[in-house]
file query-v6.txt (compact mmCIF, C-alpha atoms)
# COMPACT_ATOMS: atom_id res chain seq x y z
CA MET A 114 0.00 0.00 0.00
CA ALA A 115 1.29 3.38 -0.95
CA ARG A 116 2.20 5.74 1.82
CA LEU A 117 2.21 9.50 1.73
CA ASN A 118 2.43 11.79 4.68
CA LEU A 119 -0.14 14.57 4.63
CA GLU A 120 -0.04 17.65 6.80
CA VAL A 121 -2.70 20.34 6.59
CA VAL A 122 -1.64 23.37 8.60
CA THR A 123 -3.44 26.64 9.33
CA PRO A 124 -2.17 29.58 11.40
CA GLU A 125 -4.30 28.28 14.27
CA LYS A 126 -3.41 24.62 14.35
CA ILE A 127 -2.46 21.47 12.54
CA VAL A 128 -5.72 20.18 11.09
CA VAL A 129 -4.50 16.88 9.72
CA SER A 130 -1.27 15.00 10.12
CA GLU A 131 -1.47 11.41 8.97
CA ASP A 132 -0.33 8.82 6.49
CA ILE A 133 -2.53 8.48 3.43
CA ASP A 134 -2.69 6.76 0.06
CA THR A 135 -3.87 9.50 -2.28
CA MET A 136 -4.85 13.13 -2.21
CA VAL A 137 -6.75 15.38 -4.58
CA ALA A 138 -6.58 19.14 -4.00
CA PRO A 139 -7.77 22.30 -5.76
CA GLY A 140 -4.64 23.87 -7.25
CA SER A 141 -4.52 27.35 -8.70
CA LEU A 142 -4.33 25.85 -12.21
CA GLY A 143 -6.93 23.20 -11.56
CA GLU A 144 -7.45 20.14 -9.44
CA PHE A 145 -4.50 17.85 -9.04
CA GLY A 146 -3.94 14.43 -7.58
CA ILE A 147 -0.94 13.12 -5.71
CA LEU A 148 0.24 9.52 -5.49
CA GLU A 149 3.34 8.00 -4.00
CA GLY A 150 6.58 8.96 -5.72
CA HIS A 151 5.39 12.32 -7.00
CA ALA A 152 8.07 14.74 -8.20
CA PRO A 153 8.78 17.74 -5.94
CA PHE A 154 5.95 20.15 -6.54
CA LEU A 155 4.89 23.57 -5.33
CA THR A 156 1.54 25.08 -6.15
CA GLY A 157 -1.06 27.57 -5.03
CA ILE A 158 -4.29 26.34 -3.47
CA ILE A 159 -7.63 27.99 -4.15
CA PRO A 160 -10.71 27.71 -1.94
CA GLY A 161 -12.34 24.36 -2.51
CA GLU A 162 -12.54 20.80 -1.43
CA LEU A 163 -9.50 18.72 -0.61
CA ARG A 164 -9.97 14.98 -0.34
CA TYR A 165 -7.66 12.22 0.64
CA SER A 166 -8.08 8.55 1.20
CA LEU A 167 -6.56 5.82 3.30
CA ASN A 168 -7.47 2.20 2.57
CA ASP A 169 -10.26 3.39 0.26
CA LYS A 170 -11.80 5.42 3.03
CA ALA A 171 -12.20 9.00 1.84
CA GLN A 172 -12.00 12.12 3.97
CA TYR A 173 -13.03 15.60 2.92
CA ILE A 174 -11.64 18.94 4.03
CA SER A 175 -12.84 22.37 3.02
CA VAL A 176 -9.87 24.67 2.48
CA THR A 177 -9.39 28.34 1.68
CA SER A 178 -6.52 29.85 -0.24
CA GLY A 179 -2.93 28.95 0.44
CA PHE A 180 -0.37 26.69 -1.13
CA ALA A 181 0.94 23.15 -1.06
CA GLU A 182 4.38 21.65 -1.23
CA ILE A 183 5.09 18.07 -2.11
CA SER A 184 8.54 16.59 -1.73
CA ASN A 185 9.82 13.15 -0.78
CA ASP A 186 6.29 11.78 -0.38
CA LYS A 187 5.53 14.45 2.16
CA ILE A 188 2.64 16.80 1.45
CA SER A 189 2.41 20.09 3.29
CA VAL A 190 -0.74 22.09 2.70
CA LEU A 191 -0.63 25.59 4.17
CA VAL A 192 -3.96 27.41 4.04
CA ASP A 193 -5.62 30.29 5.87
CA ALA A 194 -8.39 28.04 7.16
CA ALA A 195 -9.35 24.39 6.87
CA GLU A 196 -12.13 22.28 8.32
CA MET A 197 -12.74 18.57 8.25
CA SER A 198 -16.14 17.72 6.83
CA HIS A 199 -17.46 16.45 10.17
CA GLU A 200 -16.30 19.61 11.91
CA ILE A 201 -18.27 21.96 9.71
CA ASP A 202 -21.32 23.47 11.30
CA ALA A 203 -23.77 23.05 8.42
CA GLU A 204 -26.36 25.28 10.04
CA ARG A 205 -23.95 28.12 10.43
CA ALA A 206 -22.73 27.71 6.88
CA ALA A 207 -26.32 27.83 5.63
CA ALA A 208 -26.94 30.98 7.64
CA ALA A 209 -23.83 32.54 6.13
CA ARG A 210 -25.04 31.56 2.67
CA ASP A 211 -28.43 33.17 3.21
CA ARG A 212 -26.84 36.30 4.57
CA ALA A 213 -24.50 36.59 1.59
CA GLN A 214 -27.32 35.97 -0.87
CA GLN A 215 -29.40 38.64 0.75
CA ARG A 216 -26.60 41.11 0.46
CA LEU A 217 -26.02 40.19 -3.15
CA ALA A 218 -29.70 40.65 -3.93
CA ASP A 219 -29.43 44.26 -2.89
CA LYS A 220 -28.14 45.48 -6.22
CA SER A 221 -27.99 49.12 -5.24
CA LYS A 222 -24.65 48.50 -3.57
CA LYS A 223 -23.12 46.78 -6.52
CA GLU A 224 -20.10 49.05 -6.65
CA ASP A 225 -19.47 48.64 -2.99
CA ILE A 226 -16.54 46.66 -1.68
CA ASP A 227 -19.08 44.80 0.42
CA PHE A 228 -20.43 43.29 -2.72
CA LEU A 229 -17.18 41.59 -3.48
CA ARG A 230 -16.88 40.40 0.05
CA ALA A 231 -20.39 39.03 0.03
CA GLU A 232 -19.60 37.14 -3.14
CA ILE A 233 -16.52 35.60 -1.56
CA ALA A 234 -18.50 34.79 1.56
CA LEU A 235 -21.18 33.13 -0.52
CA LYS A 236 -18.65 31.00 -2.36
CA ARG A 237 -17.07 30.00 0.89
CA ALA A 238 -20.39 29.12 2.48
CA LEU A 239 -21.49 27.05 -0.52
CA MET A 240 -18.20 25.21 -0.51
CA ARG A 241 -18.47 24.44 3.18
CA ILE A 242 -22.02 23.17 2.76
CA LYS A 243 -20.91 20.98 -0.11
CA VAL A 244 -18.07 19.50 1.88
CA SER A 245 -20.14 19.05 5.01
CA GLU A 246 -22.63 16.94 3.11
CA LYS A 247 -19.91 14.41 2.48
CA LYS A 248 -19.80 13.25 6.03
CA VAL A 249 -18.26 9.87 6.48
CA MET B 191 1.82 59.56 65.86
CA PRO B 192 -0.84 57.50 64.10
CA THR B 193 -3.44 55.94 66.32
CA LEU B 194 -4.05 52.22 66.43
CA ASN B 195 -7.16 52.70 64.35
CA ASP B 196 -5.24 54.52 61.63
CA ILE B 197 -2.72 51.72 61.31
CA GLN B 198 -5.45 49.11 61.31
CA ARG B 199 -7.16 50.95 58.48
CA GLN B 200 -3.93 51.12 56.52
CA ILE B 201 -3.35 47.41 56.92
CA SER B 202 -6.79 46.53 55.66
CA ALA B 203 -6.34 48.88 52.70
CA VAL B 204 -3.10 47.18 51.69
CA LYS B 205 -4.77 43.80 52.12
CA LYS B 206 -7.48 44.83 49.70
CA THR B 207 -4.87 45.98 47.21
CA ARG B 208 -3.18 42.63 47.55
CA GLN B 209 -6.44 40.91 46.80
CA ILE B 210 -6.73 42.86 43.56
CA THR B 211 -3.17 42.28 42.42
CA ARG B 212 -3.48 38.59 43.21
CA ALA B 213 -6.66 38.35 41.17
CA MET B 214 -5.03 40.21 38.28
CA ASN B 215 -2.08 37.89 38.47
CA MET B 216 -4.37 34.92 38.11
CA VAL B 217 -6.32 36.49 35.27
CA ALA B 218 -3.08 37.26 33.45
CA ALA B 219 -1.92 33.69 34.02
CA SER B 220 -5.00 32.21 32.41
CA LYS B 221 -4.88 34.69 29.52
CA LEU B 222 -1.23 33.89 29.09
CA ARG B 223 -2.06 30.21 28.70
CA GLY B 224 -4.50 31.06 25.91
CA ALA B 225 -2.06 33.33 24.13
CA GLN B 226 0.76 30.86 24.48
CA THR B 227 -1.35 28.06 23.04
CA ARG B 228 -2.19 30.21 20.05
CA MET B 229 1.46 31.09 19.62
CA GLU B 230 2.47 27.44 19.77
CA GLY B 231 -0.27 26.52 17.32
CA PHE B 232 1.03 29.06 14.86
CA LYS B 233 4.61 27.83 14.99
CA PRO B 234 4.32 24.85 12.60
CA TYR B 235 2.69 27.06 9.98
CA ALA B 236 5.29 29.79 10.29
CA MET B 237 8.18 27.35 10.17
CA LYS B 238 6.85 25.47 7.17
CA PHE B 239 6.13 28.74 5.41
CA ARG B 240 9.63 30.02 6.00
CA GLU B 241 11.07 26.81 4.62
CA VAL B 242 8.99 26.89 1.45
CA LEU B 243 9.57 30.58 0.75
CA GLY B 244 13.29 30.30 1.36
CA ASN B 245 13.38 27.36 -0.98
CA LEU B 246 11.53 29.25 -3.67
CA ALA B 247 13.47 32.49 -3.25
CA SER B 248 16.82 30.74 -3.53
CA ARG B 249 15.86 29.53 -7.00
CA ILE B 250 14.79 32.76 -8.63
CA GLU B 251 16.18 36.18 -9.41
CA PRO B 252 15.79 38.56 -6.47
CA ASP B 253 14.54 41.45 -8.58
CA ILE B 254 11.61 39.57 -10.02
CA HIS B 255 9.15 41.24 -7.66
CA PRO B 256 8.95 44.90 -6.58
CA LEU B 257 8.51 43.83 -2.95
CA LEU B 258 11.97 42.29 -3.02
CA VAL B 259 13.78 45.26 -4.53
CA LYS B 260 15.57 47.61 -2.18
CA ARG B 261 14.98 51.25 -2.94
CA GLU B 262 18.09 53.30 -3.33
CA GLU B 263 16.68 56.41 -1.81
CA VAL B 264 14.65 55.97 1.32
CA SER B 265 12.87 59.03 2.67
CA LYS B 266 9.59 57.73 4.05
CA ILE B 267 9.21 54.93 6.51
CA ALA B 268 6.19 53.21 7.95
CA LEU B 269 6.45 51.73 11.41
CA LEU B 270 3.92 49.25 12.75
CA HIS B 271 4.19 49.84 16.46
CA PHE B 272 2.72 47.35 18.93
CA THR B 273 1.74 48.21 22.48
CA SER B 274 -0.89 46.84 24.83
CA ASP B 275 -4.40 48.14 25.43
CA ARG B 276 -4.13 47.98 29.20
CA GLY B 277 -1.55 49.13 31.65
CA LEU B 278 -0.39 47.58 34.90
CA CYS B 279 2.13 45.43 33.18
CA GLY B 280 5.34 46.90 34.46
CA SER B 281 7.72 48.46 32.00
CA PHE B 282 6.26 46.54 29.07
CA ASN B 283 4.84 49.52 27.21
CA SER B 284 7.48 52.04 28.17
CA ASN B 285 10.19 49.68 26.93
CA LEU B 286 8.45 49.36 23.60
CA ILE B 287 7.74 53.06 23.28
CA ASN B 288 11.27 54.05 24.22
CA LYS B 289 12.76 51.76 21.63
CA GLY B 290 10.26 53.00 19.04
CA LYS B 291 11.10 56.60 19.89
CA SER B 292 14.83 56.10 19.53
CA PHE B 293 14.26 54.36 16.21
CA ILE B 294 12.20 57.27 14.92
CA LYS B 295 14.84 59.69 16.16
CA SER B 296 17.68 57.86 14.45
CA MET B 297 15.65 57.82 11.24
CA LYS B 298 15.06 61.54 11.61
CA ASN B 299 18.79 62.10 11.84
CA GLU B 300 19.08 60.48 8.44
CA SER B 301 16.28 62.84 7.32
CA LYS B 302 13.76 60.05 6.97
CA VAL B 303 10.16 60.65 7.98
CA THR B 304 8.41 57.96 9.96
CA ASN B 305 4.68 57.34 9.79
CA LEU B 306 3.23 55.32 12.61
CA THR B 307 0.62 52.61 12.52
CA ILE B 308 -0.20 51.88 16.10
CA VAL B 309 -1.66 48.80 17.69
CA GLY B 310 -2.81 49.19 21.29
CA LYS B 311 -4.34 51.97 23.32
CA LYS B 312 -1.21 52.75 25.32
CA GLY B 313 0.87 53.55 22.27
CA ASN B 314 -1.92 55.60 20.76
CA ASP B 315 -2.28 57.66 23.94
CA TYR B 316 1.42 58.33 24.05
CA PHE B 317 2.17 59.20 20.46
CA LYS B 318 -1.00 61.15 19.87
CA LYS B 319 -0.12 63.70 22.53
CA ARG B 320 3.27 64.30 21.01
CA ASP B 321 4.51 65.42 17.70
CA TYR B 322 4.34 62.20 15.72
CA GLU B 323 2.68 61.36 12.46
CA ILE B 324 0.08 58.67 12.94
CA THR B 325 -1.46 57.07 9.91
CA GLU B 326 -3.70 54.63 11.69
CA SER B 327 -4.48 53.36 15.15
CA HIS B 328 -5.93 50.00 16.07
CA ILE B 329 -7.32 49.90 19.57
CA GLN B 330 -8.79 46.97 21.44
CA ILE B 331 -8.26 44.50 18.65
CA TYR B 332 -6.17 41.81 20.28
CA ASP B 333 -9.08 39.46 20.84
CA GLN B 334 -10.46 39.82 17.33
CA VAL B 335 -7.32 39.37 15.31
CA ASP B 336 -7.63 36.72 12.65
CA ILE B 337 -5.96 35.99 9.38
CA SER B 338 -8.35 38.10 7.29
CA PHE B 339 -7.70 41.14 9.47
CA ILE B 340 -3.96 40.63 9.09
CA ASN B 341 -4.27 40.15 5.35
CA GLN B 342 -6.08 43.46 5.13
CA MET B 343 -3.36 45.15 7.11
CA THR B 344 -0.70 43.64 4.88
CA LYS B 345 -2.54 44.78 1.80
CA GLY B 346 -2.62 48.32 3.19
CA PHE B 347 1.15 48.33 3.63
CA ILE B 348 1.80 46.84 0.21
CA ASP B 349 -0.50 49.33 -1.48
CA ARG B 350 1.24 52.20 0.22
CA TYR B 351 4.61 50.79 -0.73
CA LEU B 352 3.72 50.27 -4.37
CA ALA B 353 2.20 53.75 -4.54
CA ASN B 354 5.53 55.14 -3.31
CA GLU B 355 3.95 56.55 -0.18
CA VAL B 356 6.53 54.69 1.87
CA ASP B 357 9.92 53.27 0.99
CA GLU B 358 10.38 50.88 3.87
CA VAL B 359 8.12 49.22 6.41
CA TYR B 360 9.26 48.16 9.87
CA MET B 361 7.49 46.81 12.89
CA MET B 362 8.20 47.08 16.60
CA TYR B 363 6.90 44.40 18.90
CA SER B 364 7.85 42.61 22.05
CA SER B 365 9.15 39.17 21.32
CA PHE B 366 8.48 36.51 23.90
CA ILE B 367 11.66 34.77 25.01
CA ASN B 368 10.40 33.17 28.19
CA MET B 369 8.21 33.96 31.19
CA GLY B 370 10.75 36.34 32.67
CA LYS B 371 12.12 37.86 29.50
CA GLN B 372 10.41 39.82 26.77
CA ILE B 373 12.49 41.93 24.42
CA PRO B 374 11.30 44.85 22.28
CA THR B 375 12.25 43.87 18.77
CA LEU B 376 12.51 45.76 15.53
CA ALA B 377 11.91 43.87 12.30
CA LYS B 378 11.89 44.89 8.69
CA LEU B 379 8.78 43.94 6.71
CA VAL B 380 9.26 45.61 3.32
CA PRO B 381 11.32 45.23 1.19
CA VAL B 382 11.12 41.57 1.95
CA GLU B 383 14.32 39.79 2.80
CA PRO B 384 13.53 36.17 2.09
CA PRO B 385 14.53 33.77 4.82
CA LYS B 386 17.74 31.92 4.13
CA THR B 387 17.46 28.21 3.77
CA LYS B 388 19.80 26.33 6.01
CA GLU B 389 20.75 23.85 3.36
CA ASP B 390 22.90 24.76 0.43
CA PRO B 391 20.64 25.33 -2.58
CA SER B 392 23.02 23.47 -4.87
CA ALA B 393 22.78 20.41 -2.64
CA SER B 394 18.99 20.29 -2.84
CA GLY B 395 19.16 21.21 -6.50
CA SER B 396 18.96 17.53 -7.34
CA ALA B 397 15.27 17.71 -6.40
CA GLU B 398 14.10 19.88 -9.26
CA TYR B 399 10.74 21.39 -8.36
CA LEU B 400 7.68 21.59 -10.51
CA TYR B 401 5.95 24.91 -10.10
CA GLU B 402 2.35 25.60 -10.84
CA PRO B 403 1.93 28.38 -11.89
CA ASP B 404 5.53 29.46 -12.58
CA PRO B 405 7.82 30.55 -9.74
CA GLY B 406 7.32 34.25 -10.40
CA ASP B 407 3.55 34.05 -10.10
CA LEU B 408 3.82 31.87 -7.05
CA LEU B 409 6.12 34.39 -5.46
CA ILE B 410 3.61 37.15 -6.08
CA GLU B 411 1.13 35.11 -4.07
CA LEU B 412 3.56 34.09 -1.38
CA LEU B 413 5.25 37.40 -0.60
CA PRO B 414 2.17 39.17 0.80
CA LYS B 415 1.46 36.02 2.77
CA HIS B 416 4.97 36.11 4.12
CA ILE B 417 4.37 39.63 5.43
CA SER B 418 1.07 38.51 6.94
CA VAL B 419 2.77 35.62 8.66
CA GLN B 420 5.31 37.98 10.19
CA ILE B 421 2.67 40.42 11.36
CA LEU B 422 0.57 37.65 12.85
CA ASN B 423 3.63 36.31 14.58
CA ALA B 424 4.29 39.77 16.04
CA PHE B 425 0.68 39.99 17.25
CA LEU B 426 0.86 36.66 19.01
CA GLN B 427 4.28 37.27 20.53
CA ASN B 428 3.28 40.72 21.69
CA GLU B 429 0.12 39.46 23.31
CA THR B 430 1.92 36.64 25.06
CA SER B 431 4.63 39.03 26.23
CA GLU B 432 2.04 41.45 27.58
CA HIS B 433 0.38 38.81 29.73
CA ALA B 434 3.71 37.47 30.92
CA ALA B 435 4.84 40.98 31.84
CA ARG B 436 1.59 41.65 33.68
CA MET B 437 1.84 38.39 35.54
CA ALA B 438 5.36 39.19 36.67
CA SER B 439 4.54 42.73 37.72
CA MET B 440 1.39 41.67 39.57
CA ASP B 441 3.34 38.96 41.33
CA ASN B 442 5.80 41.63 42.35
CA ALA B 443 3.02 43.90 43.53
CA SER B 444 1.54 41.13 45.68
CA LYS B 445 4.96 40.53 47.22
CA ASN B 446 5.36 44.23 47.95
CA CYS B 447 1.93 44.21 49.59
CA ASN B 448 3.07 41.38 51.83
CA ASP B 449 6.18 43.32 52.85
CA LEU B 450 4.09 46.39 53.54
CA ILE B 451 1.61 44.44 55.63
CA ASP B 452 4.46 42.90 57.65
CA SER B 453 6.03 46.23 58.45
CA LEU B 454 2.67 47.84 59.22
CA THR B 455 1.79 44.95 61.53
CA LEU B 456 5.06 45.48 63.35
CA ILE B 457 4.28 49.17 63.79
CA PHE B 458 0.79 48.29 64.93
CA ASN B 459 2.04 45.85 67.55
CA LYS B 460 4.59 48.32 68.83
CA ALA B 461 1.94 51.00 69.13
CA ARG B 462 -0.42 48.58 70.87
CA GLN B 463 2.27 47.61 73.34
CA ALA B 464 3.13 51.26 73.95
CA ALA B 465 -0.53 51.98 74.62
CA ILE B 466 -0.79 49.08 77.09
CA THR B 467 2.39 50.20 78.87
CA ALA B 468 1.05 53.74 79.10
CA ASP B 469 -2.25 52.44 80.51
CA LEU B 470 -0.45 50.30 83.08
CA MET B 471 1.69 53.23 84.15
CA ASP B 472 -1.44 55.26 84.66
CA ILE B 473 -3.07 52.57 86.75
CA VAL B 474 0.04 51.91 88.85
CA GLY B 475 0.60 55.64 89.25
CA GLY B 476 -3.02 56.09 90.32
CA ALA B 477 -2.83 53.22 92.81
CA GLU B 478 0.39 54.62 94.34
CA ALA B 479 -1.23 58.01 94.71
CA LEU B 480 -4.27 56.48 96.49
CA LYS B 481 -1.99 54.52 98.91
CA LYS B 482 -0.17 57.67 99.95
CA ALA B 483 -3.35 59.52 100.56

call {"tool": "encode", "arguments": {"input": "query-v6.txt", "output": "structure tokens"}}
result
Amino acid sequence: MARLNLEVVTPEKIVVSEDIDTMVAPGSLGEFGILEGHAPFLTGIIPGELRYSLNDKAQYISVTSGFAEISNDKISVLVDAAEMSHEIDAERAAAARDRAQQRLADKSKKEDIDFLRAEIALKRALMRIKVSEKKV
Amino acid sequence: MPTLNDIQRQISAVKKTRQITRAMNMVAASKLRGAQTRMEGFKPYAMKFREVLGNLASRIEPDIHPLLVKREEVSKIALLHFTSDRGLCGSFNSNLINKGKSFIKSMKNESKVTNLTIVGKKGNDYFKKRDYEITESHIQIYDQVDISFINQMTKGFIDRYLANEVDEVYMMYSSFINMGKQIPTLAKLVPVEPPKTKEDPSASGSAEYLYEPDPGDLLIELLPKHISVQILNAFLQNETSEHAARMASMDNASKNCNDLIDSLTLIFNKARQAAITADLMDIVGGAEALKKA
């Protein structure tokens, strides 16, 4: 069985640190997968869903922007925030989604910086909801 | 000559003060634990980040990004100055402010103007009253600092740098060495000096990296993050230092209260004894007088 070491680190804590078989992550040029023996690799990470599996058991993490480094079968993912799917508070994410949608519906503020932020917040909320539905 | 009652009152006043300083000591201790945990939690991220950036920077030309280029003529400087929001933490704030002041002065001697960005109420109070240029003040923000706040701050500095409003950015914070030692530290933020990798780049050159997107674009993403990481580190260190300093100074204050109570008790006992002796003399004197009569 292939063995990779995955570490997902945020400024607050180490979210994941374990041995895995495969990982798929949202890179800045598109989703990429990592298997054992990958060449040294450095890439940006965009907000999205990161999944990894061990013995065919998949785990899902919602990540925000950051970057990942792969070298010598060691994966380091450094992101601003990351949550395991079972840690996500789906209710709160849904509330955030509704709030963002409401703000976006108010078109009068379209030029406002808040608009952009609401859009980002909406994306983030949707992503978290999506990941949280994949509870294992 | 204070009466017995006066001394008694003084003793109880000092005891009440001791109660307060003891409570503050305990509050600081528990806050310190929180801050220290956050600082420890941040360490792996910061270390890994440093490693990756150093790795990347050693492989590319240093003048690829404007944030890396040193300006030949420096006339305007931005200083991110940390202080605490509350006092009663010994010389914590005055140490920081003194070091900040001497930095600004030395810059002035080289005819460089310093603009201050202040974190903490104490620093704001001090610099506002005097003749300093303050761009921004952040007060009471220690408990709401998160990565998005820091990113915003970083963006502000980078924008000002790219718009030629400032030529260099520094920060002044108290770095946490241990419980008894916190040192005011000056660090340069912009232009960025990439961390040096410990290993020789030619030795690790055998592991040729794949970059996605190319190294230049990655660097554009990583450099602002690097500044954010440093600022966040300063925030956490400063907060931890503040609580450690307060704990130490409150511990000291409690000890001083104990000393004061001891010496006051001694005075009280002496006065009590003197009063008893005086009373006895009166009684004996009175009795003698009656006998003679």

call {"tool": "closest_residue", "arguments": {"input": "query-v6.txt", "among": "B:Asn314, B:Asn285, B:Asn245, B:Thr467", "to": "Leu412 of chain B", "atoms": "only C-alpha atoms"}}
result
B:Asn245

call {"tool": "closest_residue", "arguments": {"input": "query-v6.txt", "among": "A:Asp132, A:Glu162, A:Glu149, A:Glu246", "to": "Ala194 of chain A", "atoms": "all atoms listed in the file"}}
result
A:Glu162

call {"tool": "closest_residue", "arguments": {"input": "query-v6.txt", "among": "A:Asn118, A:Ser198, A:Asn168, A:Thr177", "to": "chain B", "atoms": "only C-alpha atoms"}}
result
A:Thr177

call {"tool": "closest_residue", "arguments": {"input": "query-v6.txt", "among": "A:Asp169, A:Asp134, A:Asp202, A:Asp193", "to": "chain B", "atoms": "all atoms listed in the file"}}
result
A:Asp193

call {"tool": "interface_residues", "arguments": {"input": "query-v6.txt", "of": "chain B", "to": "chain A", "cutoff": "6 Å", "atoms": "only C-alpha atoms", "output": "PyMOL selection string"}}
result
chain B and resi 231-232+235+399-402

call {"tool": "residues_around", "arguments": {"input": "query-v6.txt", "residues": "Arg210 of chain A", "least_positions_apart": "6", "cutoff": "12 Å", "atoms": "all atoms listed in the file", "output": "count of residues only"}}
result
17

call {"tool": "atom_distance", "arguments": {"input": "query-v6.txt", "atom1": "atom CA of Leu194 of chain B", "atom2": "atom CA of Leu450 of chain B"}}
result
16.3 Å

call {"tool": "closest_residue", "arguments": {"input": "query-v6.txt", "among": "B:His271, B:Arg320, B:Arg249, B:Lys415", "to": "Leu376 of chain B", "atoms": "all atoms listed in the file"}}
result
B:His271

call {"tool": "residues_around", "arguments": {"input": "query-v6.txt", "residues": "Leu222 of chain B", "least_positions_apart": "2", "cutoff": "12 Å", "atoms": "only C-alpha atoms", "output": "PyMOL selection string"}}
result
chain B and resi 214-220+224-230+366+368-369+426-438

call {"tool": "residues_around", "arguments": {"input": "query-v6.txt", "residues": "Ile340 of chain B", "least_positions_apart": "5", "cutoff": "10 Å", "atoms": "only C-alpha atoms", "output": "count of residues only"}}
result
11

call {"tool": "atom_distance", "arguments": {"input": "query-v6.txt", "atom1": "atom CA of Leu454 of chain B", "atom2": "atom CA of Asn442 of chain B"}}
result
18.2 Å
